[in-house]
file coords.pdb (PDB, C-alpha atoms (C1' of nucleotides))
ATOM      1  CA  MET M1020     -12.196 -41.044  -9.397
ATOM      2  CA  THR M1021     -13.470 -38.909  -6.566
ATOM      3  CA  THR M1022     -12.649 -35.342  -5.566
ATOM      4  CA  GLU M1023      -8.993 -34.824  -4.785
ATOM      5  CA  ASN M1024      -7.516 -33.292  -1.686
ATOM      6  CA  TYR M1025      -4.614 -30.895  -1.673
ATOM      7  CA  SER M1026      -2.370 -29.977   1.212
ATOM      8  CA  PRO M1027      -1.652 -26.296   1.840
ATOM      9  CA  ALA M1028       1.780 -26.729   0.263
ATOM     10  CA  GLN M1029       0.286 -28.305  -2.849
ATOM     11  CA  THR M1030      -2.298 -25.576  -3.052
ATOM     12  CA  VAL M1031       0.391 -22.945  -2.910
ATOM     13  CA  GLU M1032       2.100 -24.728  -5.784
ATOM     14  CA  ILE M1033      -1.063 -25.017  -7.853
ATOM     15  CA  SER M1034      -2.718 -21.702  -7.157
ATOM     16  CA  GLY M1035       0.286 -19.443  -7.098
ATOM     17  CA  PHE M1036      -0.929 -17.772  -3.907
ATOM     18  CA  SER M1037       1.324 -17.841  -0.869
ATOM     19  CA  LEU M1038       0.394 -19.814   2.206
ATOM     20  CA  ASP M1039      -0.238 -16.594   4.075
ATOM     21  CA  THR M1040      -2.407 -15.244   1.312
ATOM     22  CA  LEU M1041      -4.492 -18.406   1.228
ATOM     23  CA  ARG M1042      -5.149 -18.120   4.946
ATOM     24  CA  TYR M1043      -5.762 -14.395   4.635
ATOM     25  CA  TYR M1044      -8.320 -14.913   1.880
ATOM     26  CA  GLU M1045     -10.095 -17.489   3.975
ATOM     27  CA  ARG M1046     -10.126 -15.184   7.002
ATOM     28  CA  ILE M1047     -11.691 -12.320   5.098
ATOM     29  CA  GLY M1048     -14.280 -14.503   3.465
ATOM     30  CA  LEU M1049     -12.919 -14.695  -0.052
ATOM     31  CA  ILE M1050     -12.761 -18.447   0.377
ATOM     32  CA  GLU M1051     -15.281 -20.593   2.190
ATOM     33  CA  PRO M1052     -13.924 -22.196   5.354
ATOM     34  CA  VAL M1053     -11.696 -24.948   4.013
ATOM     35  CA  ARG M1054     -12.337 -28.563   4.983
ATOM     36  CA  ARG M1055      -9.962 -29.929   7.603
ATOM     37  CA  ALA M1056      -8.257 -33.265   8.062
ATOM     38  CA  ALA M1057      -8.444 -34.987  11.461
ATOM     39  CA  GLY M1058      -5.604 -32.979  12.962
ATOM     40  CA  GLY M1059      -6.996 -29.645  11.864
ATOM     41  CA  HIS M1060      -4.814 -29.277   8.772
ATOM     42  CA  ARG M1061      -6.519 -27.854   5.712
ATOM     43  CA  ARG M1062      -7.465 -30.050   2.777
ATOM     44  CA  TYR M1063      -8.308 -28.045  -0.310
ATOM     45  CA  THR M1064     -10.705 -29.655  -2.779
ATOM     46  CA  ASP M1065     -10.820 -29.379  -6.572
ATOM     47  CA  ASP M1066     -13.635 -26.909  -6.095
ATOM     48  CA  ASP M1067     -11.413 -24.790  -3.878
ATOM     49  CA  ILE M1068      -8.701 -24.916  -6.507
ATOM     50  CA  GLY M1069     -11.162 -23.829  -9.173
ATOM     51  CA  TRP M1070     -12.363 -20.947  -7.061
ATOM     52  CA  LEU M1071      -8.769 -19.916  -6.363
ATOM     53  CA  ASP M1072      -8.184 -19.816 -10.089
ATOM     54  CA  MET M1073     -11.148 -17.508 -10.425
ATOM     55  CA  LEU M1074      -9.743 -15.300  -7.692
ATOM     56  CA  ARG M1075      -6.397 -15.252  -9.451
ATOM     57  CA  CYS M1076      -8.057 -13.994 -12.622
ATOM     58  CA  LEU M1077      -9.919 -11.255 -10.829
ATOM     59  CA  ARG M1078      -7.077 -10.202  -8.576
ATOM     60  CA  GLY M1079      -4.582 -10.457 -11.411
ATOM     61  CA  THR M1080      -6.657  -8.072 -13.481
ATOM     62  CA  GLY M1081      -6.680  -5.585 -10.645
ATOM     63  CA  MET M1082     -10.038  -6.115  -9.018
ATOM     64  CA  PRO M1083      -9.887  -4.738  -5.451
ATOM     65  CA  ILE M1084     -10.274  -7.207  -2.611
ATOM     66  CA  ALA M1085     -13.476  -5.486  -1.473
ATOM     67  CA  GLN M1086     -15.144  -6.155  -4.809
ATOM     68  CA  MET M1087     -13.986  -9.746  -4.822
ATOM     69  CA  GLN M1088     -15.624 -10.075  -1.419
ATOM     70  CA  THR M1089     -18.852  -8.800  -2.909
ATOM     71  CA  PHE M1090     -18.546 -11.325  -5.689
ATOM     72  CA  ALA M1091     -17.791 -14.149  -3.259
ATOM     73  CA  GLU M1092     -20.866 -13.250  -1.285
ATOM     74  CA  LEU M1093     -23.024 -13.343  -4.404
ATOM     75  CA  VAL M1094     -21.679 -16.794  -5.148
ATOM     76  CA  ARG M1095     -22.510 -17.912  -1.624
ATOM     77  CA  ASP M1096     -26.040 -16.581  -2.012
ATOM     78  CA  GLY M1097     -26.726 -19.036  -4.791
ATOM     79  CA  ASP M1098     -28.405 -19.113  -8.161
ATOM     80  CA  THR M1099     -30.557 -16.065  -7.743
ATOM     81  CA  THR M1100     -27.505 -13.826  -7.923
ATOM     82  CA  VAL M1101     -26.302 -14.935 -11.338
ATOM     83  CA  ALA M1102     -27.459 -11.752 -13.022
ATOM     84  CA  GLU M1103     -25.710  -9.627 -10.439
ATOM     85  CA  ARG M1104     -22.523 -11.606 -10.775
ATOM     86  CA  LEU M1105     -22.648 -11.201 -14.517
ATOM     87  CA  ALA M1106     -23.099  -7.468 -14.157
ATOM     88  CA  LEU M1107     -20.183  -7.274 -11.754
ATOM     89  CA  LEU M1108     -17.910  -9.207 -14.092
ATOM     90  CA  GLU M1109     -18.971  -7.158 -17.079
ATOM     91  CA  GLU M1110     -18.208  -3.971 -15.260
ATOM     92  CA  HIS M1111     -14.867  -5.318 -14.228
ATOM     93  CA  ASP M1112     -14.106  -6.356 -17.780
ATOM     94  CA  ALA M1113     -14.857  -2.839 -18.930
ATOM     95  CA  ASN M1114     -12.484  -1.518 -16.286
ATOM     96  CA  VAL M1115      -9.762  -3.847 -17.463
ATOM     97  CA  GLU M1116     -10.328  -2.742 -21.037
ATOM     98  CA  ALA M1117     -10.039   0.899 -20.002
ATOM     99  CA  GLU M1118      -6.897   0.153 -18.040
ATOM    100  CA  MET M1119      -5.353  -1.545 -21.054
ATOM    101  CA  ALA M1120      -6.233   1.381 -23.263
ATOM    102  CA  ARG M1121      -4.586   3.679 -20.749
ATOM    103  CA  LEU M1122      -1.484   1.514 -20.709
ATOM    104  CA  ILE M1123      -1.285   1.403 -24.485
ATOM    105  CA  ASP M1124      -1.542   5.136 -24.698
ATOM    106  CA  LEU M1125       1.074   5.884 -22.070
ATOM    107  CA  ARG M1126       3.365   3.179 -23.397
ATOM    108  CA  ARG M1127       3.332   4.847 -26.769
ATOM    109  CA  LYS M1128       4.602   8.002 -25.124
ATOM    110  CA  VAL M1129       7.343   6.075 -23.357
ATOM    111  CA  GLN M1130       8.341   4.580 -26.673
ATOM    112  CA  GLU M1131       8.519   8.023 -28.213
ATOM    113  CA  LYS M1132      10.908   8.975 -25.448
ATOM    114  CA  ILE M1133      12.963   5.866 -26.200
ATOM    115  CA  ALA M1134      13.092   6.773 -29.870
ATOM    116  CA  TYR M1135      14.249  10.244 -28.929
ATOM    117  CA  TYR M1136      17.038   8.858 -26.756
ATOM    118  CA  ARG M1137      18.122   6.497 -29.514
ATOM    119  CA  GLY M1138      18.411   9.433 -31.858
ATOM    120  CA  ALA M1139      20.315  11.477 -29.309
ATOM    121  CA  LEU M1140      22.676   8.626 -28.662
ATOM    122  CA  ALA M1141      23.376   8.144 -32.367
ATOM    123  CA  GLN M1142      24.455  11.784 -32.594
ATOM    124  CA  MET M1143      26.792  11.726 -29.643
ATOM    125  CA  PRO M1144      30.573  11.518 -29.663
ATOM    126  CA  VAL M1145      31.884   8.021 -29.210
ATOM    127  CA  GLU M1146      33.273   8.533 -25.719
ATOM    128  CA  CYS M1147      29.803   9.087 -24.365
ATOM    129  CA  VAL M1148      28.436   5.917 -25.864
ATOM    130  CA  ARG M1149      31.161   3.521 -24.797
ATOM    131  CA  ASP M1150      30.520   2.042 -21.394
TER     132      ASP M1150
ATOM    133  CA  MET C 352       7.545  34.495 -25.890
ATOM    134  CA  THR C 353       9.564  33.497 -22.874
ATOM    135  CA  THR C 354       9.174  30.616 -20.464
ATOM    136  CA  GLU C 355       5.867  30.595 -18.646
ATOM    137  CA  ASN C 356       5.279  30.288 -14.939
ATOM    138  CA  TYR C 357       2.601  28.179 -13.352
ATOM    139  CA  SER C 358       1.202  28.425  -9.853
ATOM    140  CA  PRO C 359       0.817  25.220  -7.841
ATOM    141  CA  ALA C 360      -2.912  25.221  -8.560
ATOM    142  CA  GLN C 361      -2.318  25.571 -12.291
ATOM    143  CA  THR C 362       0.274  22.833 -12.181
ATOM    144  CA  VAL C 363      -2.174  20.518 -10.470
ATOM    145  CA  GLU C 364      -4.605  21.273 -13.272
ATOM    146  CA  ILE C 365      -2.081  20.685 -16.038
ATOM    147  CA  SER C 366      -0.149  17.748 -14.665
ATOM    148  CA  GLY C 367      -2.938  15.795 -13.082
ATOM    149  CA  PHE C 368      -0.891  15.285  -9.923
ATOM    150  CA  SER C 369      -2.324  16.505  -6.643
ATOM    151  CA  LEU C 370      -0.739  19.367  -4.762
ATOM    152  CA  ASP C 371       0.484  16.981  -2.124
ATOM    153  CA  THR C 372       1.941  14.663  -4.702
ATOM    154  CA  LEU C 373       3.800  17.502  -6.389
ATOM    155  CA  ARG C 374       5.369  18.486  -3.091
ATOM    156  CA  TYR C 375       6.062  14.872  -2.242
ATOM    157  CA  TYR C 376       7.822  14.306  -5.549
ATOM    158  CA  GLU C 377       9.936  17.360  -4.975
ATOM    159  CA  ARG C 378      10.841  16.267  -1.464
ATOM    160  CA  ILE C 379      12.022  12.847  -2.577
ATOM    161  CA  GLY C 380      14.031  14.219  -5.465
ATOM    162  CA  LEU C 381      11.817  13.216  -8.360
ATOM    163  CA  ILE C 382      11.597  16.886  -9.237
ATOM    164  CA  GLU C 383      14.389  19.421  -8.967
ATOM    165  CA  PRO C 384      13.761  22.081  -6.328
ATOM    166  CA  VAL C 385      11.152  24.283  -7.934
ATOM    167  CA  ARG C 386      11.830  27.984  -8.465
ATOM    168  CA  ARG C 387      10.124  30.274  -5.975
ATOM    169  CA  ALA C 388       8.427  33.638  -6.290
ATOM    170  CA  ALA C 389       9.357  36.419  -3.860
ATOM    171  CA  GLY C 390       7.103  35.155  -1.061
ATOM    172  CA  GLY C 391       8.311  31.597  -1.276
ATOM    173  CA  HIS C 392       5.475  30.264  -3.397
ATOM    174  CA  ARG C 393       6.438  27.809  -6.114
ATOM    175  CA  ARG C 394       6.495  28.815  -9.765
ATOM    176  CA  TYR C 395       6.661  25.836 -12.069
ATOM    177  CA  THR C 396       8.272  26.377 -15.463
ATOM    178  CA  ASP C 397       7.453  24.814 -18.803
ATOM    179  CA  ASP C 398      10.425  22.555 -18.231
ATOM    180  CA  ASP C 399       8.936  21.418 -14.944
ATOM    181  CA  ILE C 400       5.648  20.731 -16.697
ATOM    182  CA  GLY C 401       7.438  18.689 -19.332
ATOM    183  CA  TRP C 402       9.250  16.664 -16.731
ATOM    184  CA  LEU C 403       5.993  16.102 -14.852
ATOM    185  CA  ASP C 404       4.520  14.748 -18.038
ATOM    186  CA  MET C 405       7.405  12.316 -18.280
ATOM    187  CA  LEU C 406       6.819  11.267 -14.688
ATOM    188  CA  ARG C 407       3.153  10.764 -15.447
ATOM    189  CA  CYS C 408       4.039   8.415 -18.284
ATOM    190  CA  LEU C 409       6.415   6.388 -16.172
ATOM    191  CA  ARG C 410       4.261   6.306 -13.072
ATOM    192  CA  GLY C 411       1.138   5.673 -15.104
ATOM    193  CA  THR C 412       2.732   2.628 -16.668
ATOM    194  CA  GLY C 413       3.574   1.274 -13.260
ATOM    195  CA  MET C 414       7.208   2.200 -12.776
ATOM    196  CA  PRO C 415       7.996   2.151  -9.044
ATOM    197  CA  ILE C 416       8.959   5.434  -7.416
ATOM    198  CA  ALA C 417      12.424   4.090  -6.596
ATOM    199  CA  GLN C 418      13.193   3.462 -10.255
ATOM    200  CA  MET C 419      11.893   6.872 -11.223
ATOM    201  CA  GLN C 420      14.307   8.289  -8.671
ATOM    202  CA  THR C 421      17.120   6.442 -10.380
ATOM    203  CA  PHE C 422      16.017   7.861 -13.691
ATOM    204  CA  ALA C 423      15.770  11.376 -12.282
ATOM    205  CA  GLU C 424      19.287  11.081 -10.948
ATOM    206  CA  LEU C 425      20.575   9.982 -14.340
ATOM    207  CA  VAL C 426      18.939  13.011 -15.893
ATOM    208  CA  ARG C 427      20.574  15.251 -13.301
ATOM    209  CA  ASP C 428      23.952  13.708 -14.058
ATOM    210  CA  GLY C 429      23.817  15.007 -17.601
ATOM    211  CA  ASP C 430      24.615  13.837 -21.102
ATOM    212  CA  THR C 431      26.944  11.024 -20.193
ATOM    213  CA  THR C 432      24.039   9.006 -18.838
ATOM    214  CA  VAL C 433      21.984   8.917 -22.001
ATOM    215  CA  ALA C 434      22.832   5.300 -22.705
ATOM    216  CA  GLU C 435      21.863   4.288 -19.195
ATOM    217  CA  ARG C 436      18.611   6.173 -19.398
ATOM    218  CA  LEU C 437      17.830   4.486 -22.674
ATOM    219  CA  ALA C 438      18.519   1.084 -21.153
ATOM    220  CA  LEU C 439      16.291   1.870 -18.194
ATOM    221  CA  LEU C 440      13.427   2.970 -20.408
ATOM    222  CA  GLU C 441      13.818  -0.033 -22.673
ATOM    223  CA  GLU C 442      13.678  -2.364 -19.733
ATOM    224  CA  HIS C 443      10.626  -0.579 -18.431
ATOM    225  CA  ASP C 444       8.959  -0.801 -21.810
ATOM    226  CA  ALA C 445       9.569  -4.535 -21.821
ATOM    227  CA  ASN C 446       7.981  -4.750 -18.380
ATOM    228  CA  VAL C 447       4.947  -2.850 -19.582
ATOM    229  CA  GLU C 448       4.655  -5.146 -22.552
ATOM    230  CA  ALA C 449       4.798  -8.180 -20.284
ATOM    231  CA  GLU C 450       2.209  -6.658 -18.010
ATOM    232  CA  MET C 451      -0.105  -6.039 -20.927
ATOM    233  CA  ALA C 452       0.340  -9.594 -22.129
ATOM    234  CA  ARG C 453      -0.537 -10.812 -18.645
ATOM    235  CA  LEU C 454      -3.621  -8.616 -18.585
ATOM    236  CA  ILE C 455      -4.761  -9.814 -21.993
ATOM    237  CA  ASP C 456      -4.384 -13.415 -20.954
ATOM    238  CA  LEU C 457      -6.257 -13.072 -17.668
ATOM    239  CA  ARG C 458      -8.901 -10.894 -19.224
ATOM    240  CA  ARG C 459      -9.630 -13.637 -21.710
ATOM    241  CA  LYS C 460     -10.310 -15.958 -18.803
ATOM    242  CA  VAL C 461     -12.605 -13.409 -17.197
ATOM    243  CA  GLN C 462     -14.464 -13.113 -20.478
ATOM    244  CA  GLU C 463     -14.865 -16.869 -20.635
ATOM    245  CA  LYS C 464     -16.451 -16.695 -17.211
ATOM    246  CA  ILE C 465     -18.757 -13.955 -18.455
ATOM    247  CA  ALA C 466     -19.762 -16.066 -21.438
ATOM    248  CA  TYR C 467     -20.484 -18.924 -19.088
ATOM    249  CA  TYR C 468     -22.704 -16.764 -16.913
ATOM    250  CA  ARG C 469     -24.543 -15.442 -19.946
ATOM    251  CA  GLY C 470     -25.272 -18.996 -20.969
ATOM    252  CA  ALA C 471     -26.390 -19.950 -17.489
ATOM    253  CA  LEU C 472     -28.655 -16.942 -17.300
ATOM    254  CA  ALA C 473     -30.267 -17.740 -20.641
ATOM    255  CA  GLN C 474     -31.208 -21.182 -19.335
ATOM    256  CA  MET C 475     -32.709 -20.016 -16.091
ATOM    257  CA  PRO C 476     -36.382 -19.675 -15.216
ATOM    258  CA  VAL C 477     -37.711 -16.189 -15.690
ATOM    259  CA  GLU C 478     -38.192 -15.385 -12.004
ATOM    260  CA  CYS C 479     -34.463 -15.584 -11.449
ATOM    261  CA  VAL C 480     -33.683 -13.209 -14.259
ATOM    262  CA  ARG C 481     -36.117 -10.465 -13.442
ATOM    263  CA  ASP C 482     -34.729  -7.931 -11.043
TER     264      ASP C 482
ATOM    265  C1'  DC Q1045      -6.581  47.916   5.144
ATOM    266  C1'  DT Q1046      -8.838  43.648   5.533
ATOM    267  C1'  DG Q1047     -10.807  39.087   4.927
ATOM    268  C1'  DG Q1048     -10.506  34.964   2.603
ATOM    269  C1'  DA Q1049      -8.121  31.980  -0.424
ATOM    270  C1'  DA Q1050      -3.800  29.981  -1.750
ATOM    271  C1'  DT Q1051       0.409  28.357  -0.298
ATOM    272  C1'  DC Q1052       4.057  27.227   2.924
ATOM    273  C1'  DT Q1053       6.640  23.521   6.189
ATOM    274  C1'  DG Q1054       7.463  19.325   8.767
ATOM    275  C1'  DG Q1055       5.651  15.474  10.202
ATOM    276  C1'  DA Q1056       1.991  12.153  11.143
ATOM    277  C1'  DG Q1057      -1.464   9.040   9.245
ATOM    278  C1'  DC Q1058      -3.663   5.985   6.065
ATOM    279  C1'  DG Q1059      -5.490   2.357   2.792
ATOM    280  C1'  DC Q1060      -4.272  -1.617   0.548
ATOM    281  C1'  DG Q1061      -2.733  -6.178   0.343
ATOM    282  C1'  DC Q1062      -0.362  -8.871   2.011
ATOM    283  C1'  DT Q1063       3.678 -10.864   5.133
ATOM    284  C1'  DC Q1064       5.789 -12.102   9.255
ATOM    285  C1'  DC Q1065       6.069 -13.744  13.972
ATOM    286  C1'  DA Q1066       5.605 -16.410  18.308
ATOM    287  C1'  DG Q1067       4.299 -20.163  20.393
ATOM    288  C1'  DG Q1068       2.185 -24.233  19.863
ATOM    289  C1'  DT Q1069       0.200 -28.822  17.412
ATOM    290  C1'  DC Q1070       0.409 -32.560  14.019
ATOM    291  C1'  DA Q1071       2.508 -35.964  10.794
ATOM    292  C1'  DA Q1072       5.881 -39.084   9.148
ATOM    293  C1'  DG Q1073      10.430 -41.329   8.627
ATOM    294  C1'  DC Q1074      14.197 -43.527  11.305
TER     295       DC Q1074
ATOM    296  C1'  DG I1111       9.983 -42.650  20.863
ATOM    297  C1'  DC I1112      12.106 -38.820  18.634
ATOM    298  C1'  DT I1113      13.140 -35.622  15.411
ATOM    299  C1'  DT I1114      12.094 -32.772  11.746
ATOM    300  C1'  DG I1115       9.226 -30.386   8.983
ATOM    301  C1'  DA I1116       4.574 -28.992   7.743
ATOM    302  C1'  DC I1117       0.858 -26.683   9.622
ATOM    303  C1'  DC I1118      -2.034 -24.234  13.163
ATOM    304  C1'  DT I1119      -3.877 -19.507  15.367
ATOM    305  C1'  DG I1120      -4.180 -14.656  16.487
ATOM    306  C1'  DG I1121      -2.266 -10.653  15.968
ATOM    307  C1'  DA I1122       1.353  -7.359  14.783
ATOM    308  C1'  DG I1123       4.098  -5.262  11.117
ATOM    309  C1'  DC I1124       5.308  -3.618   6.640
ATOM    310  C1'  DG I1125       6.126  -1.448   1.969
ATOM    311  C1'  DC I1126       4.223   1.544  -1.130
ATOM    312  C1'  DG I1127       2.465   5.802  -2.507
ATOM    313  C1'  DC I1128       0.431   9.023  -1.343
ATOM    314  C1'  DT I1129      -2.763  12.114   1.774
ATOM    315  C1'  DC I1130      -3.868  14.814   5.591
ATOM    316  C1'  DC I1131      -3.013  18.017   9.340
ATOM    317  C1'  DA I1132      -1.681  22.121  12.147
ATOM    318  C1'  DG I1133      -0.129  26.319  12.369
ATOM    319  C1'  DA I1134       2.065  29.997   9.986
ATOM    320  C1'  DT I1135       2.687  33.048   5.871
ATOM    321  C1'  DT I1136       1.591  35.288   1.522
ATOM    322  C1'  DC I1137      -1.401  36.949  -2.014
ATOM    323  C1'  DC I1138      -5.169  39.346  -3.855
ATOM    324  C1'  DA I1139      -9.936  41.281  -4.509
ATOM    325  C1'  DG I1140     -12.873  44.677  -2.584
TER     326       DG I1140
END

call {"tool": "encode", "arguments": {"input": "coords.pdb", "output": "structure tokens"}}
result
Amino acid sequence: MTTENYSPAQTVEISGFSLDTLRYYERIGLIEPVRRAAGGHRRYTDDDIGWLDMLRCLRGTGMPIAQMQTFAELVRDGDTTVAERLALLEEHDANVEAEMARLIDLRRKVQEKIAYYRGALAQMPVECVRD
Amino acid sequence: MTTENYSPAQTVEISGFSLDTLRYYERIGLIEPVRRAAGGHRRYTDDDIGWLDMLRCLRGTGMPIAQMQTFAELVRDGDTTVAERLALLEEHDANVEAEMARLIDLRRKVQEKIAYYRGALAQMPVECVRD
DNA sequence: CTGGAATCTGGAGCGCGCTCCAGGTCAAGC
DNA sequence: GCTTGACCTGGAGCGCGCTCCAGATTCCAG
């Protein structure tokens, strides 16, 4: 079994990115120029799909586009950039960790507010509680 | 001890919002019109500070401005909206939880990538690893 | 009284990350 | 062959959440 091809529509389905986003990412260099079929239509490869999954992880954890571009460039520059890529990912991971800690902390405060409202509601006359 | 007043600069300091953001929030109705000193300068009260802290929790956990406006309106409408406010906060809390779950999941994938790079780096000839 | 800092208002501008559009080309079933 | 839908390109537009600006006013230390 050789490398598969995927139409734009299939790639949308698989990657979760919209058609426009896929083209946008290619335009700004987040994706290598995608191979084309005879008529000029894109054919995404398994490699493309894998890379898109990577992008989804980074983007989905809040990495800015600009930093993903940096990362994509490192990948393009080949094996000698592995250490740099690792450093970039480690820094990003630390950022994500910090962001999660921030969320946990603020969420706790929201939950305190919820608890307060539950208490207030329990004390209130019935006509305020009924819809 | 009576209710304190805070200048805009102090409120920036305490709340963590910028001056522009404070004014913006007031303009769009996230904050009640703030009391003014004789010359027209704002004087934030302890109540204002408390409300700003609430806003910080909601905004900081990713609630969209529009929903915070809804919440602010419910608060303005008084005691009869307590149940609605509770429902809104509970829904938001569920959203935050989902967001955190999403982050945890994607972060795990990022960490797998990091582990992979660490392995790759360990295998590489020395000249690629040196800076 | 004066100079400089803080604050005021209304409105324009911006950075990010897409998203949409027009006008055309290509592919595939009937 | 024709129709219908998928896809193409380049460029404009947008939603969000601020952020900045100009020009005027107020406050306060010296």

call {"tool": "resolve_selection", "arguments": {"input": "coords.pdb", "expression": "the PyMOL selection byres ((chain Q) within 12 of (chain C))", "output": "PyMOL selection string"}}
result
chain Q and resi 1049-1054

call {"tool": "resolve_selection", "arguments": {"input": "coords.pdb", "expression": "the PyMOL selection byres ((chain M and resi 1091-1096) around 12)", "output": "number ranges by chain"}}
result
M: 1044-1045, 1047-1052, 1070-1071, 1073-1074, 1077, 1084-1090, 1097-1108; C: 468

call {"tool": "interface_residues", "arguments": {"input": "coords.pdb", "of": "chain C", "to": "chain M", "cutoff": "7 Å", "atoms": "all atoms listed in the file", "output": "list in words"}}
result
Cys408, Gly411, Thr412, Thr431, Val433, Ala434, Leu437, Leu440, Glu441, Met451, Leu454, Leu457, Arg458, Lys460, Val461, Ile465, Tyr468, Leu472, Cys479 and Val480 of chain C

call {"tool": "interface_residues", "arguments": {"input": "coords.pdb", "of": "chain I", "to": "chain C", "cutoff": "9 Å", "atoms": "all atoms listed in the file", "output": "compact mmCIF listing (two decimals) with C-alpha atoms (C1' of nucleotides), in the frame of the given file"}}
result
# COMPACT_ATOMS: atom_id res chain seq x y z
C1' DC I 1126 4.22 1.54 -1.13
C1' DG I 1127 2.46 5.80 -2.51
C1' DC I 1128 0.43 9.02 -1.34
C1' DT I 1129 -2.76 12.11 1.77
C1' DT I 1135 2.69 33.05 5.87
C1' DT I 1136 1.59 35.29 1.52
C1' DC I 1137 -1.40 36.95 -2.01

call {"tool": "residues_near_point", "arguments": {"input": "coords.pdb", "point": "(2.1, 12.5, 8.2)", "cutoff": "9 Å", "atoms": "all atoms listed in the file", "output": "compact mmCIF listing (two decimals) with C-alpha atoms (C1' of nucleotides), in the coordinates of the input"}}
result
# COMPACT_ATOMS: atom_id res chain seq x y z
C1' DG Q 1054 7.46 19.32 8.77
C1' DG Q 1055 5.65 15.47 10.20
C1' DA Q 1056 1.99 12.15 11.14
C1' DG Q 1057 -1.46 9.04 9.24
C1' DC Q 1058 -3.66 5.98 6.06
C1' DT I 1129 -2.76 12.11 1.77
C1' DC I 1130 -3.87 14.81 5.59
C1' DC I 1131 -3.01 18.02 9.34

call {"tool": "residues_near_point", "arguments": {"input": "coords.pdb", "point": "(-10.1, 42.0, 2.8)", "cutoff": "9 Å", "atoms": "all atoms listed in the file", "output": "number ranges by chain"}}
result
Q: 1045-1048; I: 1138-1140

call {"tool": "write_last_selection", "arguments": {"input": "coords.pdb", "atoms": "C-alpha atoms (C1' of nucleotides)", "output": "CSV table (one decimal), in the coordinates of the input"}}
result
chain,number,residue,atom,x,y,z
Q,1045,DC,C1',-6.6,47.9,5.1
Q,1046,DT,C1',-8.8,43.6,5.5
Q,1047,DG,C1',-10.8,39.1,4.9
Q,1048,DG,C1',-10.5,35.0,2.6
I,1138,DC,C1',-5.2,39.3,-3.9
I,1139,DA,C1',-9.9,41.3,-4.5
I,1140,DG,C1',-12.9,44.7,-2.6

call {"tool": "atom_distance", "arguments": {"input": "coords.pdb", "atom1": "atom CA of M:Ala1113", "atom2": "atom CA of C:Met414"}}
result
23.5 Å

call {"tool": "resolve_selection", "arguments": {"input": "coords.pdb", "expression": "the PyMOL selection byres ((chain Q and resi 1071) around 8)", "output": "PDB file with C-alpha atoms (C1' of nucleotides), in the frame of the given file"}}
result
ATOM      1  C1'  DC Q1070       0.409 -32.560  14.019  1.00  0.00           C
ATOM      2  C1'  DA Q1072       5.881 -39.084   9.148  1.00  0.00           C
TER       3       DA Q1072
ATOM      4  C1'  DA I1116       4.574 -28.992   7.743  1.00  0.00           C
TER       5       DA I1116
END

call {"tool": "atom_distance", "arguments": {"input": "coords.pdb", "atom1": "atom C1' of Q:DG1061", "atom2": "atom C1' of I:DG1121"}}
result
16.3 Å

call {"tool": "residues_around", "arguments": {"input": "coords.pdb", "residues": "M:Asn1024", "least_positions_apart": "4", "cutoff": "10 Å", "atoms": "only C-alpha atoms (C1' of nucleotides)", "output": "PyMOL selection string"}}
result
chain M and resi 1029-1030+1054+1056+1061-1068

call {"tool": "atom_distance", "arguments": {"input": "coords.pdb", "atom1": "atom CA of M:Ile1033", "atom2": "atom C1' of Q:DG1073"}}
result
25.9 Å

call {"tool": "axis_aligned_box", "arguments": {"input": "coords.pdb", "around": "stretch 1116-1122 of chain M", "padding_each_side": "4 Å", "output": "lines of an AutoDock Vina configuration file"}}
result
center_x = -5.9
center_y = 0.5
center_z = -20.7
size_x = 16.8
size_y = 14.4
size_z = 13.2

call {"tool": "decode", "arguments": {"input": "coords.pdb", "residues": "stretch 1133-1141 of chain M", "atoms": "N, CA and C atoms", "output": "tab-separated table (two decimals), in the first residue's frame"}}
result
chain	number	residue	atom	x	y	z
M	1133	ILE	N	-20.69	30.37	42.31
M	1133	ILE	CA	-21.83	29.47	42.08
M	1133	ILE	C	-22.37	28.96	43.42
M	1134	ALA	N	-21.45	28.56	44.28
M	1134	ALA	CA	-21.87	28.07	45.60
M	1134	ALA	C	-22.63	29.16	46.35
M	1135	TYR	N	-22.14	30.36	46.25
M	1135	TYR	CA	-22.80	31.49	46.91
M	1135	TYR	C	-24.21	31.67	46.38
M	1136	TYR	N	-24.37	31.60	45.07
M	1136	TYR	CA	-25.69	31.77	44.46
M	1136	TYR	C	-26.62	30.63	44.86
M	1137	ARG	N	-26.08	29.45	44.96
M	1137	ARG	CA	-26.91	28.30	45.38
M	1137	ARG	C	-27.44	28.54	46.78
M	1138	GLY	N	-26.56	29.02	47.64
M	1138	GLY	CA	-26.98	29.33	49.00
M	1138	GLY	C	-28.05	30.40	49.01
M	1139	ALA	N	-27.81	31.46	48.25
M	1139	ALA	CA	-28.76	32.57	48.21
M	1139	ALA	C	-30.12	32.09	47.71
M	1140	LEU	N	-30.07	31.26	46.72
M	1140	LEU	CA	-31.31	30.75	46.13
M	1140	LEU	C	-32.09	29.91	47.13
M	1141	ALA	N	-31.36	29.12	47.91
M	1141	ALA	CA	-32.02	28.24	48.89
M	1141	ALA	C	-32.75	29.04	49.96
